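S.K.: What follows is upload-v4.tsv, TSV, C-alpha atoms.
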chain	number	residue	atom	x	y	z
V	3	MET	CA	96.89	47.98	67.23
V	4	SER	CA	96.05	44.30	67.07
V	5	SER	CA	95.06	42.63	63.83
V	6	VAL	CA	91.41	41.68	63.90
V	7	ALA	CA	90.10	38.22	63.03
V	8	ILE	CA	86.41	37.59	62.43
V	9	VAL	CA	85.08	34.09	63.04
V	10	THR	CA	81.51	33.17	62.11
V	11	GLY	CA	79.68	30.33	63.81
V	12	ALA	CA	81.80	31.02	66.88
V	13	SER	CA	79.31	29.94	69.54
V	14	SER	CA	80.36	26.27	69.52
V	15	GLY	CA	82.51	23.57	67.93
V	16	ILE	CA	85.14	24.53	65.38
V	17	GLY	CA	84.18	28.21	65.49
V	18	ALA	CA	84.64	28.54	69.24
V	19	ALA	CA	87.91	26.58	69.13
V	20	THR	CA	89.16	28.79	66.31
V	21	ALA	CA	88.29	31.96	68.21
V	22	ARG	CA	90.22	30.72	71.24
V	23	ARG	CA	93.23	29.71	69.17
V	24	LEU	CA	93.42	32.91	67.15
V	25	ALA	CA	93.32	34.93	70.37
V	26	THR	CA	96.44	33.09	71.53
V	27	GLU	CA	98.06	34.07	68.23
V	28	GLY	CA	97.58	37.75	69.10
V	29	PHE	CA	94.45	38.55	67.10
V	30	HIS	CA	91.62	40.58	68.52
V	31	VAL	CA	88.79	38.19	67.69
V	32	LEU	CA	85.31	39.25	66.68
V	33	ALA	CA	83.34	36.15	67.62
V	34	ALA	CA	80.15	36.17	65.56
V	35	ALA	CA	77.12	33.91	65.95
V	36	ARG	CA	73.41	33.97	66.76
V	37	ARG	CA	73.62	32.70	70.36
V	38	THR	CA	74.86	35.71	72.28
V	39	ASP	CA	74.83	33.94	75.65
V	40	ARG	CA	77.40	31.45	74.40
V	41	LEU	CA	79.44	34.22	72.81
V	42	ALA	CA	79.55	36.12	76.10
V	43	ALA	CA	80.91	33.03	77.87
V	44	LEU	CA	83.48	32.49	75.11
V	45	VAL	CA	84.70	36.08	75.25
V	46	ALA	CA	85.00	35.89	79.03
V	47	GLU	CA	87.04	32.71	78.69
V	48	ILE	CA	89.36	34.27	76.10
V	49	GLU	CA	89.88	37.40	78.18
V	50	ALA	CA	90.55	35.37	81.33
V	51	ALA	CA	93.31	33.61	79.40
V	52	GLY	CA	94.89	36.94	78.44
V	53	GLY	CA	93.41	37.30	74.97
V	54	ALA	CA	91.13	39.91	73.41
V	55	ALA	CA	87.74	39.28	71.88
V	56	THR	CA	84.40	40.92	71.19
V	57	ALA	CA	81.05	39.18	70.85
V	58	VAL	CA	78.99	40.16	67.81
V	59	ALA	CA	75.45	38.89	67.31
V	60	CYS	CA	75.24	37.77	63.70
V	61	ASP	CA	72.96	35.56	61.64
V	62	VAL	CA	74.74	34.83	58.35
V	63	THR	CA	71.38	34.21	56.64
V	64	SER	CA	70.37	37.85	57.17
V	65	ASP	CA	71.69	40.77	55.11
V	66	GLU	CA	70.78	43.19	57.90
V	67	SER	CA	72.59	41.12	60.51
V	68	VAL	CA	75.72	40.84	58.35
V	69	ALA	CA	75.64	44.63	57.91
V	70	GLY	CA	75.84	44.84	61.69
V	71	LEU	CA	78.93	42.64	61.61
V	72	VAL	CA	80.54	45.11	59.19
V	73	THR	CA	79.73	47.95	61.59
V	74	ALA	CA	81.41	46.02	64.41
V	75	ALA	CA	84.44	45.36	62.19
V	76	ASP	CA	84.73	49.06	61.37
V	77	ALA	CA	84.73	49.85	65.10
V	78	ALA	CA	87.29	47.16	65.97
V	79	PRO	CA	90.66	48.17	67.47
V	80	GLY	CA	92.77	47.43	64.41
V	81	PRO	CA	92.71	46.37	60.78
V	82	VAL	CA	90.63	43.38	59.77
V	83	THR	CA	93.18	40.96	58.33
V	84	LEU	CA	91.39	37.62	58.71
V	85	LEU	CA	87.91	36.32	58.02
V	86	VAL	CA	87.08	32.72	58.92
V	87	ASN	CA	83.85	31.61	57.27
V	88	ASN	CA	83.00	28.78	59.62
V	89	ALA	CA	79.21	29.04	60.03
V	90	GLY	CA	77.50	26.04	58.47
V	91	GLY	CA	76.04	22.65	59.13
V	92	ALA	CA	74.11	19.66	57.83
V	93	ARG	CA	70.49	18.60	58.11
V	94	GLY	CA	69.26	15.11	57.35
V	95	LEU	CA	70.73	12.05	55.69
V	96	ASP	CA	67.95	11.33	53.23
V	97	PRO	CA	68.44	10.10	49.66
V	98	VAL	CA	67.70	12.52	46.84
V	99	GLU	CA	64.53	10.56	46.07
V	100	THR	CA	62.96	11.50	49.40
V	101	ALA	CA	64.92	14.65	50.21
V	102	ASP	CA	63.42	17.40	52.33
V	103	VAL	CA	63.63	20.57	50.25
V	104	GLY	CA	63.55	22.68	53.39
V	105	ASP	CA	66.67	20.95	54.72
V	106	TRP	CA	68.48	21.55	51.44
V	107	GLN	CA	67.39	25.20	51.43
V	108	TRP	CA	68.69	25.69	54.99
V	109	MET	CA	72.04	24.07	54.12
V	110	TYR	CA	72.44	26.31	51.08
V	111	ASP	CA	71.50	29.45	52.95
V	112	VAL	CA	73.86	28.83	55.86
V	113	ASN	CA	76.84	27.20	54.12
V	114	VAL	CA	76.80	28.82	50.70
V	115	LEU	CA	74.89	32.08	50.82
V	116	GLY	CA	76.16	32.76	54.34
V	117	THR	CA	79.73	32.52	53.06
V	118	LEU	CA	78.81	34.77	50.15
V	119	ARG	CA	77.10	37.40	52.31
V	120	VAL	CA	79.85	37.67	54.88
V	121	THR	CA	82.75	37.55	52.43
V	122	LYS	CA	81.22	40.11	50.08
V	123	ALA	CA	80.51	42.45	52.99
V	124	LEU	CA	84.00	42.25	54.50
V	125	LEU	CA	86.22	42.23	51.40
V	126	PRO	CA	86.62	46.04	51.51
V	127	ALA	CA	87.96	45.92	55.07
V	128	LEU	CA	90.26	43.00	54.27
V	129	GLU	CA	91.64	44.85	51.26
V	130	ARG	CA	92.18	48.05	53.26
V	131	SER	CA	94.38	46.09	55.66
V	132	GLY	CA	96.84	45.43	52.84
V	133	ALA	CA	97.25	41.82	53.99
V	134	GLY	CA	93.89	40.12	54.15
V	135	THR	CA	93.06	36.43	54.36
V	136	VAL	CA	89.73	34.72	53.75
V	137	VAL	CA	89.43	31.20	55.18
V	138	ILE	CA	86.50	29.06	54.09
V	139	VAL	CA	85.90	26.05	56.31
V	140	SER	CA	84.29	23.58	53.91
V	141	SER	CA	84.55	19.79	54.19
V	142	THR	CA	85.80	16.68	52.46
V	143	ALA	CA	82.11	16.50	51.50
V	144	GLY	CA	83.02	19.27	49.07
V	145	ARG	CA	85.31	16.83	47.28
V	146	VAL	CA	83.46	13.49	47.38
V	147	VAL	CA	79.74	12.66	47.43
V	148	TYR	CA	78.13	9.89	49.45
V	149	GLU	CA	74.71	8.27	49.77
V	150	GLY	CA	72.26	10.34	51.76
V	151	GLY	CA	74.52	13.36	51.68
V	152	GLY	CA	73.25	15.01	48.51
V	153	GLY	CA	72.18	18.28	50.09
V	154	TYR	CA	75.25	18.66	52.30
V	155	THR	CA	77.76	17.61	49.64
V	156	ALA	CA	76.11	19.92	47.13
V	157	ALA	CA	76.41	22.83	49.55
V	158	LYS	CA	80.04	22.03	50.36
V	159	HIS	CA	80.91	21.60	46.67
V	160	ALA	CA	79.44	25.09	46.21
V	161	GLN	CA	81.65	26.47	48.97
V	162	THR	CA	84.66	24.93	47.24
V	163	ALA	CA	83.56	26.65	44.03
V	164	ILE	CA	83.32	29.98	45.85
V	165	ALA	CA	86.86	29.61	47.21
V	166	GLY	CA	88.37	28.77	43.83
V	167	THR	CA	86.46	31.47	41.98
V	168	LEU	CA	87.26	34.14	44.56
V	169	ARG	CA	90.97	33.30	44.43
V	170	LEU	CA	90.96	33.88	40.67
V	171	GLU	CA	88.96	37.09	40.92
V	172	LEU	CA	91.21	38.56	43.63
V	173	SER	CA	94.45	37.81	41.78
V	174	GLY	CA	96.74	40.82	42.05
V	175	ARG	CA	95.01	42.16	45.15
V	176	PRO	CA	96.35	41.68	48.72
V	177	ILE	CA	93.84	39.03	49.85
V	178	ARG	CA	94.59	35.33	50.19
V	179	VAL	CA	91.86	32.71	49.90
V	180	VAL	CA	92.30	29.50	51.88
V	181	GLU	CA	89.98	26.49	51.86
V	182	ILE	CA	90.14	23.99	54.72
V	183	ASP	CA	88.37	20.66	54.23
V	184	PRO	CA	88.04	18.57	57.40
V	185	GLY	CA	86.92	14.97	57.32
V	186	MET	CA	85.43	13.25	60.37
V	187	VAL	CA	85.33	15.80	63.20
V	188	ARG	CA	83.62	15.04	66.47
V	189	THR	CA	81.97	18.15	67.90
V	190	GLU	CA	79.19	18.56	70.41
V	191	GLU	CA	76.51	19.77	67.98
V	192	PHE	CA	77.14	18.85	64.33
V	193	GLY	CA	75.56	15.39	64.50
V	194	LEU	CA	72.74	16.54	66.78
V	195	VAL	CA	71.75	19.23	64.28
V	196	ARG	CA	72.00	16.80	61.37
V	197	PHE	CA	69.79	14.21	63.04
V	198	GLY	CA	67.28	16.54	64.65
V	199	GLY	CA	68.58	16.08	68.19
V	200	ASP	CA	68.81	12.27	68.03
V	201	ALA	CA	71.88	11.69	70.20
V	202	ASP	CA	72.07	7.97	69.42
V	203	ARG	CA	72.24	8.54	65.65
V	204	ALA	CA	74.77	11.32	66.13
V	205	GLU	CA	76.98	9.11	68.30
V	206	ALA	CA	76.76	6.15	65.89
V	207	VAL	CA	78.73	8.12	63.29
V	208	TYR	CA	81.85	7.79	65.46
V	209	ALA	CA	81.26	4.22	66.67
V	210	GLY	CA	84.54	2.35	66.92
V	211	VAL	CA	86.64	5.35	65.88
V	212	ALA	CA	89.04	5.86	68.75
V	213	GLU	CA	90.38	9.24	67.66
V	214	PRO	CA	88.30	11.28	65.26
V	215	LEU	CA	89.39	14.86	64.73
V	216	VAL	CA	88.18	17.37	67.30
V	217	ALA	CA	87.48	21.08	66.96
V	218	ASP	CA	90.92	22.07	68.24
V	219	ASP	CA	92.56	20.09	65.42
V	220	VAL	CA	90.76	22.16	62.80
V	221	ALA	CA	91.42	25.38	64.71
V	222	ASP	CA	95.11	24.50	64.60
V	223	CYS	CA	94.89	24.20	60.81
V	224	VAL	CA	93.16	27.57	60.52
V	225	ALA	CA	95.77	29.26	62.69
V	226	TRP	CA	98.66	27.69	60.77
V	227	CYS	CA	97.31	28.79	57.40
V	228	ALA	CA	96.51	32.28	58.66
V	229	THR	CA	99.93	32.89	60.22
V	230	ARG	CA	102.08	31.92	57.22
V	231	PRO	CA	103.94	34.83	55.58
V	232	HIS	CA	101.38	36.65	53.49
V	233	HIS	CA	102.98	35.68	50.18
V	234	VAL	CA	102.28	32.01	51.09
V	235	ASN	CA	98.75	30.95	50.11
V	236	VAL	CA	97.61	27.53	51.29
V	237	ASP	CA	95.02	27.03	48.57
V	238	GLN	CA	93.40	23.91	49.99
V	239	LEU	CA	94.14	21.90	53.12
V	240	VAL	CA	92.47	18.49	53.49
V	241	VAL	CA	92.63	17.04	57.00
V	242	ARG	CA	91.24	13.73	58.20
V	243	PRO	CA	91.81	11.56	61.27
V	244	LEU	CA	94.25	8.69	60.77
V	245	ALA	CA	91.32	6.25	61.00
V	246	GLN	CA	89.66	7.80	57.94
V	247	ALA	CA	91.63	6.86	54.85
V	248	ALA	CA	88.91	8.21	52.56
V	249	GLN	CA	85.28	9.28	52.73
V	250	HIS	CA	84.10	5.64	52.57
V	251	LYS	CA	87.09	4.00	54.29
V	252	VAL	CA	87.04	4.34	58.08
V	253	HIS	CA	88.84	1.96	60.43
V	254	ARG	CA	86.53	1.05	63.30
V	255	GLN	CA	87.65	-0.97	66.28
V	256	SER	CA	85.37	-3.82	67.26
Show me, as structure tokens, the structure contained in the file I just sent.
M.R.:
Amino acid sequence: MSSVAIVTGASSGIGAATARRLATEGFHVLAAARRTDRLAALVAEIEAAGGAATAVACDVTSDESVAGLVTAADAAPGPVTLLVNNAGGARGLDPVETADVGDWQWMYDVNVLGTLRVTKALLPALERSGAGTVVIVSSTAGRVVYEGGGGYTAAKHAQTAIAGTLRLELSGRPIRVVEIDPGMVRTEEFGLVRFGGDADRAEAVYAGVAEPLVADDVADCVAWCATRPHHVNVDQLVVRPLAQAAQHKVHRQS
């Protein structure tokens, strides 16, 4: 039997890259997301490359949908040893003074409560495996705040709090908790979602940055953490492109 890895937000970006990479590591991947057409294409790609994957329709903001993910995990061809909480995103770049409460609510529901729902639901399966790992893909925004990022940084700080709290609460049980905090990552959708489809604003974030991180870089980090011997827990991995020395310090070529 293959070990089973579950990846949320797998229809694009870091989630899709992580699903591909984990399949090459020998996991049977349950690729979970809302957009089933994209999941079907991803699974076909993985299988064509010799890997194994199953598409699972899942909205992490829905208890009923997450229950369906548990049903799929129970039917998977092996023990569930890895959960990658990747589903998330940002909306808006408004100051707190003029913040859109709906944007903040969406960011909390997807990033924070989505991580809570999925993790809570799958902890029994991870524990039954005898060697479970929970990966929470947060952000350097969970470490440092910045102007206009109040809602997103608050949500990512909350994810960081979940990771640290869960690690303490699971002490003595066979489940690792890993937090991965990427900095500037260029993906096809993150900026478009944040700026309501404004491609120019999304592209301006990376102006002059020759080599931001890409989804495969973060997927590589997830795979490395997940494939260490199980007694090795990478508590927190912070990864930025060379051009980004800190949240506010980015080298941009003229």
S.K.: For the contact check between range 11-110 of chain V and range 124-137 of chain V, emit one row per residue of range 11-110 of chain V within 7 Å, containing the shortest atom pair and the distance in Å rounded to one decimal, counting all atoms listed in the file, chain then rising number order, as a Markdown table.
M.R.:
| residue | atom | partner | partner_atom | distance |
| --- | --- | --- | --- | --- |
| V:Val72 | CA | V:Leu124 | CA | 6.5 |
| V:Pro81 | CA | V:Ser131 | CA | 5.4 |
| V:Val82 | CA | V:Leu128 | CA | 5.5 |
| V:Thr83 | CA | V:Gly134 | CA | 4.3 |
| V:Leu84 | CA | V:Thr135 | CA | 4.8 |
| V:Leu85 | CA | V:Val136 | CA | 4.9 |
| V:Val86 | CA | V:Val137 | CA | 4.7 |
| V:Asn87 | CA | V:Val137 | CA | 6.0 |
S.K.: Find, counting all atoms listed in the file, the residue in V:Gly90, V:Met186, V:Ala12, V:Gly153 that gets nearest to Gly104 in chain V.
M.R.: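 Using all atoms listed in the file, the shortest distance to Gly104 in chain V belongs to V:Gly153.
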S.K.: Separation of CA of Arg119 in chain V and CA of Tyr148 in chain V, in Å?
M.R.: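 Result for CA of Arg119 in chain V versus CA of Tyr148 in chain V: 27.7 Å, one decimal.
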S.K.: If you count only C-alpha atoms, which residues fall within 8 Å of Thr38 in chain V, apart from same-chain ones fewer than 5 positions away, as a ChimeraX atom specification?
M.R.: /V:13,57-59
S.K.: So how many Å separate CA of Gly199 in chain V and CA of Met109 in chain V, to one decimal?
M.R.: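 According to the coordinates, CA of Gly199 in chain V and CA of Met109 in chain V are separated by 16.5 Å.
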S.K.: Could you give me range 54-80 of chain V completed to N, CA, C and O atoms, formatted as a short mmCIF file (atom, residue, chain, number, x, y, z; two decimals), in the frame of the given file?
M.R.:
data_model
loop_
_atom_site.label_atom_id
_atom_site.label_comp_id
_atom_site.auth_asym_id
_atom_site.auth_seq_id
_atom_site.Cartn_x
_atom_site.Cartn_y
_atom_site.Cartn_z
N ALA V 54 92.07 38.81 73.65
CA ALA V 54 91.13 39.91 73.41
C ALA V 54 90.08 39.45 72.42
O ALA V 54 90.40 38.89 71.37
N ALA V 55 88.82 39.70 72.76
CA ALA V 55 87.74 39.28 71.88
C ALA V 55 86.52 40.14 72.13
O ALA V 55 86.35 40.74 73.19
N THR V 56 85.66 40.20 71.12
CA THR V 56 84.40 40.92 71.19
C THR V 56 83.30 40.03 70.63
O THR V 56 83.49 39.42 69.57
N ALA V 57 82.19 39.95 71.33
CA ALA V 57 81.05 39.18 70.85
C ALA V 57 80.22 40.04 69.90
O ALA V 57 79.95 41.21 70.19
N VAL V 58 79.82 39.45 68.78
CA VAL V 58 78.99 40.16 67.81
C VAL V 58 77.84 39.25 67.42
O VAL V 58 78.05 38.17 66.86
N ALA V 59 76.62 39.67 67.73
CA ALA V 59 75.45 38.89 67.31
C ALA V 59 75.33 38.95 65.80
O ALA V 59 75.29 40.04 65.21
N CYS V 60 75.31 37.79 65.16
CA CYS V 60 75.24 37.77 63.70
C CYS V 60 74.59 36.49 63.21
O CYS V 60 75.00 35.39 63.57
N ASP V 61 73.60 36.66 62.35
CA ASP V 61 72.96 35.56 61.64
C ASP V 61 73.39 35.67 60.17
O ASP V 61 73.01 36.63 59.49
N VAL V 62 74.17 34.72 59.69
CA VAL V 62 74.74 34.83 58.35
C VAL V 62 73.69 34.68 57.26
O VAL V 62 73.98 34.92 56.08
N THR V 63 72.45 34.31 57.63
CA THR V 63 71.38 34.21 56.64
C THR V 63 70.63 35.52 56.47
O THR V 63 69.68 35.60 55.70
N SER V 64 71.06 36.57 57.19
CA SER V 64 70.37 37.85 57.17
C SER V 64 71.29 38.96 56.67
O SER V 64 72.35 39.21 57.27
N ASP V 65 70.89 39.64 55.61
CA ASP V 65 71.69 40.77 55.11
C ASP V 65 71.83 41.85 56.17
O ASP V 65 72.91 42.44 56.34
N GLU V 66 70.74 42.14 56.88
CA GLU V 66 70.78 43.19 57.90
C GLU V 66 71.74 42.82 59.03
O GLU V 66 72.50 43.67 59.51
N SER V 67 71.71 41.56 59.44
CA SER V 67 72.59 41.12 60.51
C SER V 67 74.05 41.17 60.08
O SER V 67 74.92 41.59 60.86
N VAL V 68 74.34 40.78 58.86
CA VAL V 68 75.72 40.84 58.35
C VAL V 68 76.18 42.28 58.24
O VAL V 68 77.35 42.59 58.50
N ALA V 69 75.28 43.20 57.92
CA ALA V 69 75.64 44.63 57.91
C ALA V 69 76.06 45.07 59.30
O ALA V 69 76.98 45.90 59.45
N GLY V 70 75.42 44.52 60.32
CA GLY V 70 75.84 44.84 61.69
C GLY V 70 77.22 44.32 62.00
O GLY V 70 77.98 44.95 62.76
N LEU V 71 77.58 43.18 61.42
CA LEU V 71 78.93 42.64 61.61
C LEU V 71 79.97 43.57 60.98
O LEU V 71 81.05 43.79 61.53
N VAL V 72 79.64 44.15 59.84
CA VAL V 72 80.54 45.11 59.19
C VAL V 72 80.72 46.34 60.08
O VAL V 72 81.84 46.85 60.23
N THR V 73 79.64 46.80 60.67
CA THR V 73 79.73 47.95 61.59
C THR V 73 80.65 47.63 62.76
O THR V 73 81.49 48.46 63.16
N ALA V 74 80.53 46.42 63.31
CA ALA V 74 81.41 46.02 64.41
C ALA V 74 82.86 45.93 63.94
O ALA V 74 83.78 46.30 64.68
N ALA V 75 83.08 45.45 62.73
CA ALA V 75 84.44 45.36 62.19
C ALA V 75 85.04 46.75 62.02
O ALA V 75 86.23 46.97 62.32
N ASP V 76 84.24 47.70 61.56
CA ASP V 76 84.73 49.06 61.37
C ASP V 76 85.11 49.71 62.70
O ASP V 76 85.98 50.60 62.75
N ALA V 77 84.46 49.27 63.78
CA ALA V 77 84.73 49.85 65.10
C ALA V 77 85.80 49.07 65.87
O ALA V 77 86.16 49.45 66.98
N ALA V 78 86.32 48.01 65.28
CA ALA V 78 87.29 47.16 65.97
C ALA V 78 88.62 47.88 66.15
O ALA V 78 88.95 48.80 65.39
N PRO V 79 89.41 47.45 67.13
CA PRO V 79 90.66 48.17 67.47
C PRO V 79 91.85 47.78 66.61
O PRO V 79 92.92 47.48 67.11
N GLY V 80 91.67 47.77 65.30
CA GLY V 80 92.77 47.43 64.41
C GLY V 80 92.24 47.01 63.06
O GLY V 80 91.03 46.90 62.84
#
